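As provided, protein.txt (compact mmCIF, C-alpha atoms) reads as follows.
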# COMPACT_ATOMS: atom_id res chain seq x y z
CA MET U 1045 -77.95 -144.36 28.45
CA GLN U 1046 -74.27 -144.14 29.27
CA ASP U 1047 -71.75 -146.80 28.40
CA GLU U 1048 -70.01 -149.14 30.80
CA PRO U 1049 -68.08 -149.79 33.04
CA THR U 1050 -70.47 -148.19 35.53
CA PRO U 1051 -69.40 -145.42 37.93
CA ILE U 1052 -69.37 -148.02 40.72
CA GLU U 1053 -66.93 -150.21 38.80
CA LEU U 1054 -64.75 -147.23 37.80
CA THR U 1055 -64.53 -145.80 41.32
CA LYS U 1056 -63.79 -149.20 42.76
CA SER U 1057 -60.94 -149.72 40.29
CA VAL U 1058 -59.27 -146.46 41.42
CA ALA U 1059 -59.71 -147.35 45.10
CA ASP U 1060 -58.20 -150.80 44.52
CA PHE U 1061 -55.23 -149.31 42.64
CA LEU U 1062 -54.50 -146.81 45.42
CA ARG U 1063 -54.97 -149.41 48.14
CA ASN U 1064 -52.93 -152.21 46.57
CA ASP U 1065 -50.28 -150.47 44.48
CA ILE U 1066 -49.70 -147.03 46.00
CA THR U 1067 -50.19 -147.59 49.74
CA PRO U 1068 -47.00 -149.72 50.11
CA LEU U 1069 -44.93 -146.89 48.56
CA ILE U 1070 -46.00 -144.08 50.88
CA SER U 1071 -45.38 -143.28 54.56
CA GLY U 1072 -46.01 -140.61 57.20
CA HIS U 1073 -48.64 -137.93 56.84
CA GLN U 1074 -49.10 -138.63 53.13
CA ALA U 1075 -49.93 -142.26 53.99
CA PHE U 1076 -52.59 -141.00 56.38
CA LYS U 1077 -54.02 -138.75 53.65
CA LEU U 1078 -53.98 -141.63 51.20
CA ARG U 1079 -55.95 -143.76 53.64
CA VAL U 1080 -58.55 -140.98 53.90
CA ALA U 1081 -58.68 -140.80 50.09
CA VAL U 1082 -59.28 -144.55 49.79
CA ASN U 1083 -61.96 -144.31 52.48
CA ILE U 1084 -63.69 -141.59 50.47
CA LEU U 1085 -63.71 -143.69 47.31
CA ASP U 1086 -65.06 -146.67 49.25
CA LEU U 1087 -67.83 -144.46 50.67
CA VAL U 1088 -68.71 -143.19 47.19
CA THR U 1089 -68.85 -146.75 45.91
CA ARG U 1090 -71.20 -147.75 48.75
CA GLN U 1091 -73.42 -144.73 48.10
CA LEU U 1092 -73.60 -145.40 44.35
CA THR U 1093 -74.53 -148.99 45.12
CA ARG U 1094 -77.21 -148.32 47.72
CA GLU U 1095 -78.61 -144.82 47.33
CA GLU U 1096 -81.26 -145.48 44.69
CA GLY U 1097 -82.85 -148.31 46.66
CA SER U 1098 -82.65 -146.67 50.07
CA ASP U 1099 -83.98 -143.31 48.82
CA ALA U 1100 -86.94 -145.03 47.14
CA ALA U 1101 -87.80 -146.90 50.34
CA GLU U 1102 -87.40 -143.68 52.36
CA VAL U 1103 -89.79 -141.81 50.05
CA VAL U 1104 -92.41 -144.57 50.41
CA ARG U 1105 -92.20 -144.35 54.21
CA LEU U 1106 -92.26 -140.54 54.22
CA ARG U 1107 -95.32 -140.37 51.96
CA ALA U 1108 -97.21 -142.70 54.27
CA LEU U 1109 -96.08 -140.81 57.37
CA LEU U 1110 -96.82 -137.32 56.02
CA GLY U 1111 -99.70 -137.98 53.63
CA MET U 1112 -98.03 -135.91 50.92
CA ASP U 1113 -95.79 -136.32 47.90
CA GLY U 1114 -92.42 -134.78 46.98
CA SER U 1115 -88.73 -135.45 46.47
CA VAL U 1116 -86.73 -137.12 49.24
CA THR U 1117 -85.28 -133.71 50.19
CA GLU U 1118 -88.68 -131.98 50.22
CA LEU U 1119 -90.21 -134.75 52.31
CA ASN U 1120 -87.32 -134.60 54.80
CA HIS U 1121 -87.80 -130.83 55.12
CA ALA U 1122 -91.50 -131.41 55.75
CA LEU U 1123 -90.87 -134.05 58.41
CA ALA U 1124 -88.23 -131.89 60.12
CA GLU U 1125 -90.71 -129.02 60.22
CA ARG U 1126 -93.51 -131.15 61.65
CA ILE U 1127 -91.27 -132.44 64.44
CA ALA U 1128 -90.13 -128.88 65.19
CA ASN U 1129 -93.77 -127.73 65.31
CA ASP U 1130 -94.76 -130.54 67.68
CA GLU U 1131 -97.16 -132.04 65.13
CA VAL U 1132 -95.30 -135.36 65.09
CA ASP U 1133 -93.37 -137.12 67.85
CA LEU U 1134 -92.16 -140.55 68.95
CA ALA U 1135 -95.75 -141.48 69.87
CA THR U 1136 -96.73 -141.06 66.20
CA PRO U 1137 -97.13 -144.54 64.68
CA GLY U 1138 -94.30 -145.28 62.28
CA LEU U 1139 -92.03 -142.37 63.17
CA ALA U 1140 -89.48 -144.28 65.27
CA GLU U 1141 -89.38 -147.11 62.73
CA HIS U 1142 -88.88 -144.64 59.89
CA LEU U 1143 -86.05 -142.79 61.63
CA TRP U 1144 -84.33 -146.05 62.51
CA ALA U 1145 -84.58 -147.40 58.96
CA THR U 1146 -83.32 -144.14 57.45
CA THR U 1147 -80.44 -143.84 59.90
CA MET U 1148 -79.38 -147.45 59.36
CA ASP U 1149 -79.29 -146.82 55.61
CA LYS U 1150 -77.06 -143.78 56.17
CA LEU U 1151 -74.61 -145.64 58.40
CA ALA U 1152 -74.41 -148.45 55.84
CA VAL U 1153 -72.87 -145.85 53.51
CA ASP U 1154 -71.05 -143.50 55.91
CA GLN U 1155 -69.55 -145.85 58.50
CA PRO U 1156 -70.44 -149.54 58.22
CA ASN U 1157 -67.84 -150.30 60.91
CA TYR U 1158 -69.25 -147.89 63.51
CA ALA U 1159 -69.81 -149.98 66.64
CA SER U 1160 -73.35 -148.69 67.39
CA TYR U 1161 -74.36 -149.54 63.82
CA LYS U 1162 -72.95 -153.06 64.02
CA ARG U 1163 -74.78 -153.60 67.32
CA GLU U 1164 -78.10 -152.43 65.84
CA LEU U 1165 -77.54 -154.44 62.67
CA GLY U 1166 -77.29 -157.54 64.86
CA ARG U 1167 -80.77 -156.70 66.19
CA ASP U 1168 -82.22 -156.55 62.66
CA SER U 1169 -81.08 -160.00 61.59
CA MET N 1219 -37.70 -119.98 60.99
CA ILE N 1220 -39.56 -120.43 64.26
CA GLU N 1221 -36.51 -121.90 66.04
CA ALA N 1222 -34.69 -118.58 65.89
CA GLU N 1223 -37.58 -116.75 67.56
CA LEU N 1224 -38.07 -119.52 70.12
CA SER N 1225 -34.34 -119.49 70.95
CA ARG N 1226 -34.40 -115.74 71.52
CA SER N 1227 -37.51 -116.12 73.67
CA VAL N 1228 -36.28 -118.96 75.93
CA ARG N 1229 -32.94 -117.25 76.57
CA ARG N 1230 -34.94 -114.35 77.98
CA TRP N 1231 -37.01 -116.26 80.57
CA CYS N 1232 -35.48 -119.71 81.07
CA LYS N 1233 -32.38 -119.36 83.23
CA GLY N 1234 -29.34 -120.92 81.60
CA ALA N 1235 -31.13 -121.91 78.40
CA THR N 1236 -28.91 -121.70 75.34
CA GLY N 1237 -31.52 -122.18 72.60
CA VAL N 1238 -34.00 -124.65 71.16
CA THR N 1239 -33.86 -127.63 68.82
CA GLY N 1240 -36.26 -129.96 67.05
CA ALA N 1241 -39.18 -127.59 66.52
CA ALA N 1242 -41.98 -129.45 64.74
CA LYS N 1243 -45.59 -128.46 64.13
CA LEU N 1244 -47.99 -130.95 65.71
CA SER N 1245 -51.25 -129.47 64.54
CA GLY N 1246 -52.51 -126.25 63.21
CA GLY N 1247 -55.43 -124.56 61.58
CA ALA N 1248 -55.37 -121.05 60.21
CA SER N 1249 -55.71 -119.39 63.59
CA GLN N 1250 -54.09 -121.73 66.11
CA GLU N 1251 -50.95 -123.87 66.06
CA THR N 1252 -49.26 -126.34 68.39
CA TRP N 1253 -45.50 -126.92 68.16
CA ARG N 1254 -43.16 -129.23 70.07
CA PHE N 1255 -39.52 -128.36 70.69
CA ASP N 1256 -36.67 -128.95 73.14
CA ILE N 1257 -35.03 -126.24 75.20
CA THR N 1258 -31.27 -126.83 75.35
CA HIS N 1259 -29.64 -126.20 78.68
CA PRO N 1260 -26.16 -127.03 80.03
CA ASP N 1261 -27.66 -129.44 82.60
CA CYS N 1262 -30.55 -131.00 80.71
CA VAL N 1263 -32.97 -130.85 77.83
CA ILE N 1264 -36.46 -129.54 78.62
CA GLY N 1265 -39.31 -130.81 76.44
CA ALA N 1266 -41.72 -127.99 75.65
CA ILE N 1267 -44.91 -127.20 73.74
CA LEU N 1268 -45.90 -123.90 72.13
CA ARG N 1269 -49.58 -123.05 71.68
CA ARG N 1270 -50.05 -119.89 69.69
CA SER N 1271 -52.08 -117.82 67.31
CA PRO N 1272 -49.62 -116.55 64.72
CA LYS N 1273 -49.30 -112.80 64.29
CA GLY N 1274 -52.37 -111.33 62.64
CA TYR N 1275 -54.68 -114.03 64.03
CA GLY N 1276 -55.51 -112.48 67.39
CA ALA N 1277 -59.27 -112.85 67.38
CA ALA N 1278 -60.55 -116.06 68.90
CA PRO N 1279 -63.75 -117.72 67.65
CA THR N 1280 -66.71 -116.76 69.81
CA ARG N 1281 -66.93 -120.01 71.80
CA ALA N 1282 -63.21 -120.13 72.61
CA ALA N 1283 -61.90 -118.78 75.88
CA GLY N 1284 -58.69 -117.51 74.23
CA LEU N 1285 -55.10 -118.60 74.71
CA ALA N 1286 -54.42 -116.25 77.60
CA ALA N 1287 -57.34 -117.71 79.55
CA GLU N 1288 -56.25 -121.21 78.58
CA ALA N 1289 -52.76 -120.60 80.03
CA GLN N 1290 -54.21 -119.20 83.22
CA LEU N 1291 -56.58 -122.17 83.65
CA MET N 1292 -53.84 -124.75 83.06
CA GLN N 1293 -51.61 -123.04 85.60
CA LEU N 1294 -54.45 -122.89 88.16
CA ALA N 1295 -55.21 -126.55 87.55
CA TYR N 1296 -51.54 -127.47 87.91
CA GLU N 1297 -51.29 -125.61 91.22
CA ALA N 1298 -54.47 -127.29 92.50
CA GLY N 1299 -53.13 -130.77 91.72
CA VAL N 1300 -55.34 -131.40 88.68
CA PRO N 1301 -53.07 -133.18 86.16
CA SER N 1302 -52.03 -130.42 83.81
CA PRO N 1303 -48.86 -129.27 82.06
CA ARG N 1304 -46.91 -126.53 83.83
CA VAL N 1305 -47.13 -123.23 81.97
CA MET N 1306 -43.59 -121.89 81.57
CA HIS N 1307 -44.11 -118.62 79.72
CA VAL N 1308 -46.97 -116.51 78.37
CA LEU N 1309 -45.89 -114.94 75.06
CA LEU N 1310 -45.05 -111.24 75.04
CA PRO N 1311 -45.00 -108.94 72.02
CA ALA N 1312 -41.18 -108.92 72.31
CA ASP N 1313 -41.11 -112.68 71.60
CA GLY N 1314 -42.34 -112.01 68.06
CA LEU N 1315 -44.27 -115.32 68.13
CA GLY N 1316 -47.83 -114.04 68.15
CA THR N 1317 -50.10 -114.65 71.14
CA GLY N 1318 -50.13 -117.81 73.23
CA PHE N 1319 -47.97 -119.65 75.72
CA ILE N 1320 -45.21 -122.20 76.22
CA MET N 1321 -45.72 -125.17 78.53
CA GLN N 1322 -43.74 -128.13 79.72
CA ARG N 1323 -44.22 -131.22 77.54
CA VAL N 1324 -45.87 -134.14 79.31
CA GLU N 1325 -44.86 -137.52 77.90
CA GLY N 1326 -47.63 -140.02 77.19
CA GLU N 1327 -50.31 -140.93 74.68
CA THR N 1328 -53.31 -138.90 73.50
CA ILE N 1329 -54.49 -141.08 70.61
CA ALA N 1330 -57.68 -142.63 71.93
CA ARG N 1331 -57.53 -145.86 69.97
CA LYS N 1332 -54.00 -146.59 71.18
CA ILE N 1333 -54.97 -145.89 74.77
CA LEU N 1334 -57.90 -148.29 74.42
CA ARG N 1335 -56.01 -151.09 72.63
CA ASP N 1336 -52.27 -151.02 73.41
CA ASP N 1337 -50.85 -153.36 76.07
CA GLU N 1338 -48.86 -150.49 77.54
CA TYR N 1339 -52.06 -148.97 79.01
CA ALA N 1340 -53.74 -152.27 79.97
CA ALA N 1341 -52.96 -151.84 83.66
CA ALA N 1342 -54.16 -148.23 83.73
CA ARG N 1343 -57.40 -148.71 81.75
CA PRO N 1344 -59.61 -150.28 84.46
CA HIS N 1345 -58.88 -147.34 86.78
CA LEU N 1346 -59.38 -144.49 84.34
CA ALA N 1347 -63.17 -143.98 84.68
CA ARG N 1348 -62.89 -143.54 88.44
CA GLN N 1349 -59.75 -141.45 88.16
CA ILE N 1350 -61.50 -139.16 85.67
CA GLY N 1351 -64.30 -138.68 88.21
CA GLY N 1352 -61.76 -137.47 90.76
CA ILE N 1353 -60.05 -135.17 88.27
CA LEU N 1354 -63.34 -133.60 87.21
CA ALA N 1355 -64.23 -133.01 90.85
CA GLY N 1356 -60.92 -131.19 91.32
CA LEU N 1357 -61.46 -129.17 88.18
CA HIS N 1358 -64.98 -128.15 89.24
CA ARG N 1359 -63.61 -127.04 92.58
CA LEU N 1360 -61.09 -124.54 91.17
CA PRO N 1361 -61.76 -121.24 92.97
CA LYS N 1362 -64.10 -119.06 90.92
CA ASP N 1363 -62.50 -115.84 92.13
CA LYS N 1364 -59.19 -116.84 90.54
CA LEU N 1365 -60.61 -117.81 87.15
CA PRO N 1366 -60.06 -115.63 84.10
CA GLU N 1367 -63.01 -113.93 82.43
CA LEU N 1368 -65.13 -116.72 80.88
CA ARG N 1369 -68.47 -116.87 79.10
CA SER N 1370 -71.34 -118.28 81.15
CA ARG N 1371 -73.75 -120.74 79.54
CA SER N 1372 -76.91 -122.34 80.88
CA ALA N 1373 -78.55 -125.40 79.35
CA THR N 1374 -81.35 -123.21 77.96
CA GLN N 1375 -78.86 -120.89 76.22
CA GLU N 1376 -76.96 -123.84 74.81
CA ILE N 1377 -80.12 -125.37 73.32
CA SER N 1378 -80.95 -122.08 71.58
CA GLU N 1379 -77.41 -121.72 70.32
CA PHE N 1380 -77.31 -125.26 68.89
CA GLU N 1381 -80.71 -124.75 67.31
CA ARG N 1382 -79.46 -121.58 65.63
CA ASP N 1383 -76.28 -123.34 64.42
CA TYR N 1384 -78.30 -126.28 63.11
CA ARG N 1385 -80.84 -124.05 61.31
CA SER N 1386 -78.04 -122.03 59.72
CA LEU N 1387 -76.79 -125.24 58.05
CA ASP N 1388 -80.17 -125.61 56.27
CA TRP N 1389 -79.77 -129.35 56.56
CA PRO N 1390 -83.06 -131.17 57.16
CA LYS N 1391 -82.37 -133.72 59.87
CA PRO N 1392 -85.47 -135.17 61.50
CA VAL N 1393 -83.34 -136.92 64.17
CA PHE N 1394 -81.72 -133.61 65.17
CA GLU N 1395 -85.18 -132.01 65.37
CA LEU N 1396 -86.28 -134.81 67.65
CA ALA N 1397 -83.20 -134.29 69.84
CA LEU N 1398 -83.81 -130.52 70.02
CA ARG N 1399 -87.40 -131.23 71.09
CA TRP N 1400 -86.24 -133.71 73.72
CA LEU N 1401 -83.70 -131.22 75.05
CA ARG N 1402 -86.31 -128.46 75.35
CA ASP N 1403 -88.75 -130.84 77.06
CA ASN N 1404 -86.08 -132.10 79.45
CA ASP N 1405 -84.18 -128.87 80.12
CA PRO N 1406 -83.23 -129.19 83.81
CA GLY N 1407 -83.12 -125.40 84.24
CA PRO N 1408 -80.27 -123.46 85.79
CA SER N 1409 -77.84 -125.52 87.82
CA ALA N 1410 -77.94 -124.88 91.58
CA GLU N 1411 -74.21 -124.34 91.35
CA GLU N 1412 -72.20 -122.68 88.60
CA THR N 1413 -68.60 -123.86 88.31
CA LEU N 1414 -65.75 -123.92 85.84
CA VAL N 1415 -66.63 -126.36 83.01
CA HIS N 1416 -63.74 -127.68 80.93
CA GLY N 1417 -65.99 -127.97 77.87
CA ASP N 1418 -64.02 -130.60 75.93
CA PHE N 1419 -63.00 -133.15 78.54
CA ARG N 1420 -62.89 -136.48 76.69
CA ASN N 1421 -60.76 -139.38 75.55
CA GLY N 1422 -58.47 -137.77 72.96
CA ASN N 1423 -57.82 -134.65 75.03
CA LEU N 1424 -56.07 -136.49 77.87
CA ILE N 1425 -52.41 -137.50 78.07
CA ILE N 1426 -52.35 -141.05 79.43
CA GLY N 1427 -49.37 -143.03 80.69
CA ARG N 1428 -48.95 -146.43 82.31
CA ASP N 1429 -49.87 -144.75 85.58
CA GLY N 1430 -53.12 -143.19 84.34
CA VAL N 1431 -54.09 -139.61 83.42
CA ARG N 1432 -51.03 -137.35 83.30
CA ALA N 1433 -52.54 -134.18 81.87
CA VAL N 1434 -55.82 -132.62 80.79
CA LEU N 1435 -55.43 -130.70 77.51
CA ASP N 1436 -57.45 -128.39 75.24
CA TRP N 1437 -58.99 -125.93 77.64
CA GLU N 1438 -60.10 -123.63 74.86
CA LEU N 1439 -63.83 -124.32 75.34
CA ALA N 1440 -63.73 -123.67 79.09
CA HIS N 1441 -66.66 -121.67 80.45
CA LEU N 1442 -68.84 -121.26 83.51
CA GLY N 1443 -71.88 -123.49 83.77
CA ASP N 1444 -73.37 -126.75 85.03
CA PRO N 1445 -70.55 -129.05 86.20
CA MET N 1446 -72.60 -132.07 85.05
CA GLU N 1447 -71.90 -130.95 81.46
CA ASP N 1448 -68.35 -132.34 81.66
CA LEU N 1449 -69.61 -135.69 83.03
CA GLY N 1450 -72.11 -135.97 80.17
CA TRP N 1451 -69.62 -134.98 77.43
CA VAL N 1452 -67.03 -137.57 78.50
CA CYS N 1453 -69.75 -140.23 78.00
CA VAL N 1454 -70.73 -139.22 74.43
CA ASN N 1455 -70.53 -142.37 72.32
CA SER N 1456 -68.19 -140.88 69.71
CA TRP N 1457 -65.49 -140.63 72.43
CA ARG N 1458 -65.77 -144.35 73.28
CA PHE N 1459 -63.97 -145.23 70.03
CA GLY N 1460 -65.79 -148.51 69.55
CA GLU N 1461 -65.91 -149.61 73.22
CA ILE N 1462 -69.60 -148.75 73.33
CA ASP N 1463 -70.41 -150.65 76.50
CA LYS N 1464 -67.95 -148.55 78.49
CA PRO N 1465 -69.56 -145.13 78.45
CA VAL N 1466 -66.72 -143.19 80.10
CA GLY N 1467 -64.38 -142.72 77.14
CA GLY N 1468 -64.38 -146.45 76.41
CA PHE N 1469 -62.63 -146.96 79.78
CA GLY N 1470 -65.37 -147.86 82.23
CA SER N 1471 -68.84 -147.36 83.67
CA ARG N 1472 -70.79 -144.30 84.71
CA GLU N 1473 -70.95 -145.82 88.21
CA GLU N 1474 -67.14 -145.74 88.43
CA LEU N 1475 -67.05 -142.16 87.14
CA PHE N 1476 -69.70 -141.08 89.64
CA ALA N 1477 -67.96 -142.94 92.50
CA GLY N 1478 -64.67 -141.17 91.75
CA TYR N 1479 -66.45 -137.81 91.62
CA GLU N 1480 -68.31 -138.37 94.88
CA ALA N 1481 -65.28 -139.80 96.68
CA ALA N 1482 -63.65 -136.44 95.98
CA GLY N 1483 -66.49 -134.79 97.87
CA ARG N 1484 -68.82 -133.62 95.11
CA GLN N 1485 -72.41 -134.61 94.25
CA VAL N 1486 -73.53 -136.18 90.96
CA ASP N 1487 -76.95 -135.56 89.41
CA PRO N 1488 -77.38 -138.53 87.01
CA ALA N 1489 -80.44 -137.02 85.27
CA ARG N 1490 -78.45 -133.91 84.42
CA VAL N 1491 -75.54 -136.04 83.22
CA LYS N 1492 -77.91 -137.87 80.85
CA PHE N 1493 -79.29 -134.54 79.61
CA TRP N 1494 -75.76 -133.32 78.82
CA GLU N 1495 -74.87 -136.59 77.11
CA VAL N 1496 -77.81 -136.10 74.71
CA MET N 1497 -76.83 -132.45 74.30
CA GLY N 1498 -73.21 -133.45 73.68
CA THR N 1499 -74.17 -136.02 71.07
CA LEU N 1500 -76.20 -133.41 69.20
CA ARG N 1501 -73.37 -130.89 69.67
CA TRP N 1502 -70.88 -133.20 67.95
CA GLY N 1503 -73.39 -133.86 65.18
CA ILE N 1504 -73.84 -130.14 64.54
CA MET N 1505 -70.06 -129.68 64.66
CA CYS N 1506 -69.78 -132.31 61.90
CA GLY N 1507 -72.24 -130.20 59.90
CA GLY N 1508 -70.05 -127.16 60.50
CA MET N 1509 -67.06 -129.09 59.13
CA MET N 1510 -69.08 -129.95 56.04
CA GLN N 1511 -69.90 -126.27 55.57
CA ARG N 1512 -66.30 -125.13 56.03
CA PHE N 1513 -65.16 -127.76 53.57
CA ARG N 1514 -67.74 -126.66 51.03
CA GLU N 1515 -67.16 -122.95 51.43
CA GLY N 1516 -63.44 -123.26 51.02
CA PRO N 1517 -61.31 -122.16 53.98
CA ASP N 1518 -60.30 -125.78 54.61
CA HIS N 1519 -60.89 -127.85 51.51
CA SER N 1520 -59.29 -130.99 52.94
CA MET N 1521 -60.46 -134.57 52.53
CA GLU N 1522 -60.32 -135.05 56.30
CA ARG N 1523 -62.76 -132.23 56.86
CA ALA N 1524 -65.05 -133.56 54.14
CA MET N 1525 -65.12 -136.96 55.81
CA ILE N 1526 -65.92 -135.48 59.24
CA GLY N 1527 -69.03 -134.06 57.57
CA ARG N 1528 -70.05 -137.64 56.92
CA ARG N 1529 -69.76 -138.45 60.63
CA ALA N 1530 -72.99 -136.59 61.46
CA SER N 1531 -74.92 -139.83 60.92
CA GLU N 1532 -73.01 -141.52 63.76
CA THR N 1533 -74.59 -139.00 66.12
CA GLU N 1534 -78.01 -139.71 64.64
CA ILE N 1535 -77.77 -143.41 65.45
CA ASP N 1536 -76.45 -142.57 68.92
CA LEU N 1537 -79.28 -140.08 69.51
CA LEU N 1538 -81.80 -142.75 68.48
CA ARG N 1539 -80.12 -145.24 70.83
CA LEU N 1540 -80.55 -142.67 73.63
CA LEU N 1541 -84.05 -141.38 72.82
CA ALA N 1542 -85.82 -144.24 70.98
CA PRO N 1543 -83.97 -147.43 71.95
CA ARG N 1544 -85.05 -150.65 70.27
CA GLY N 1545 -85.50 -153.94 72.12
CA SER N 1546 -83.15 -154.43 75.02
Please go through the file and, once you have read it, give me the structure as structure tokens.
Amino acid sequence: MQDEPTPIELTKSVADFLRNDITPLISGHQAFKLRVAVNILDLVTRQLTREEGSDAAEVVRLRALLGMDGSVTELNHALAERIANDEVDLATPGLAEHLWATTMDKLAVDQPNYASYKRELGRDS
Amino acid sequence: MIEAELSRSVRRWCKGATGVTGAAKLSGGASQETWRFDITHPDCVIGAILRRSPKGYGAAPTRAAGLAAEAQLMQLAYEAGVPSPRVMHVLLPADGLGTGFIMQRVEGETIARKILRDDEYAAARPHLARQIGGILAGLHRLPKDKLPELRSRSATQEISEFERDYRSLDWPKPVFELALRWLRDNDPGPSAEETLVHGDFRNGNLIIGRDGVRAVLDWELAHLGDPMEDLGWVCVNSWRFGEIDKPVGGFGSREELFAGYEAAGRQVDPARVKFWEVMGTLRWGIMCGGMMQRFREGPDHSMERAMIGRRASETEIDLLRLLAPRGS
């Protein structure tokens, strides 16, 4: 077991420092790059916070859908292959729901402000 | 210094020009650069743009038409009244600037978010979707016998090519598989009519002023194919920049786009447009994967490129919204 602060707390502290203390000092193209850097750290923080839970839920859904076991990567390969081979499609019970849930979990990390995501999030609540 | 070479060049072909000032690089990868500069002249200052591949970077990527073809297309468009910058000079070996061309600079805005939000464009915005329809009709009517040599691509070929690109990424994406399946099942077959296709006509590649569209840029993906491809690509959700209920670049409705196209005397096939919108969404998703790969393998190890890799998921949600919509 590693000591604390956790990676989430450490990453967040760097992002906050860059955002609050460095951003006001920088302009032009470097300011743009700094904004990208802060966005990356925010994304990493979101992934560290959510990945364990969302991957576990994804694996549960994939096992039920595919009737097999494996890592989240192996199961995604298997599902991709079954769709490519026409063995599974949108008429398959659970497939659309699974793809929606998985995609929503990705957007929550990658781009929580993406307009399509916010619209669909409104549907969930 | 590029200004010395540009000065020598403009004195050769621009009557009365004394030199250039203010050369600044606007964008550039390893193989292609865009520069802005001003041509000094006793009577006036002429704003200009250089598009070039520096010396030693002659070979264009396989999908690109090449800078010579790009210059020829922009000039043809300009002559036909399609908003386009005037090409002033195609680079010669004697210019010592590599390959490419110099065009007149068109003032206006290309940054999509500014065009969609700033007050300056408020009066133009409601007319843009229809105007774009008219411009695309003009572009698709450019005479085929005057076009440079361009690759020809049918829907079926494009699906195979995207599938190959996607498989080469070795990136298991069930949503992309679903989209590939949908595309194969809904392939409309060869278009009755093959025309010039711009290939990257979208918000972000247009110069907009208070008066509307002033120029169509980035002709490097031009090819021959189904004209409905351009109408589908301009509607891809990623080019709406948040204005998701206005499919045409965040400006307006498909109906307005189609009306502008048909008022200019050309027919729209809405089913084909939808097909190309799905194709375009997948295309952008696979391009994001390509960015991820280039970032990882080194040629461009920038943070920006890394983050574009993380935009693939936006195309997955948009593909689901197109192919498996929830509720209403």
For chain U against chain N, which residues fall within 6 Å using all atoms listed in the file, given as a ChimeraX atom specification?
/U:1120-1121,1124,1128,1159
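Closest approach to Glu1102 (chain U) from the set U:Thr1147, U:Asn1129, U:Ser1057, U:Asn1083 is made by U:Thr1147, with distances taken over all atoms listed in the file.
For the choices U:Lys1150, U:Lys1056, U:Lys1162, U:Arg1105, the atom-to-atom distance to Ile1084 (chain U) is smallest for U:Lys1056 when using all atoms listed in the file.
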Can you work out the spacing between CA of Ala1101 (chain U) and CA of Thr1499 (chain N) in Å, to one decimal?
27.1 Å
Which one of U:Val1104, U:Ala1075, U:Leu1087, U:Leu1110 sits closest to Thr1136 (chain U) if you count all atoms listed in the file?
U:Leu1110
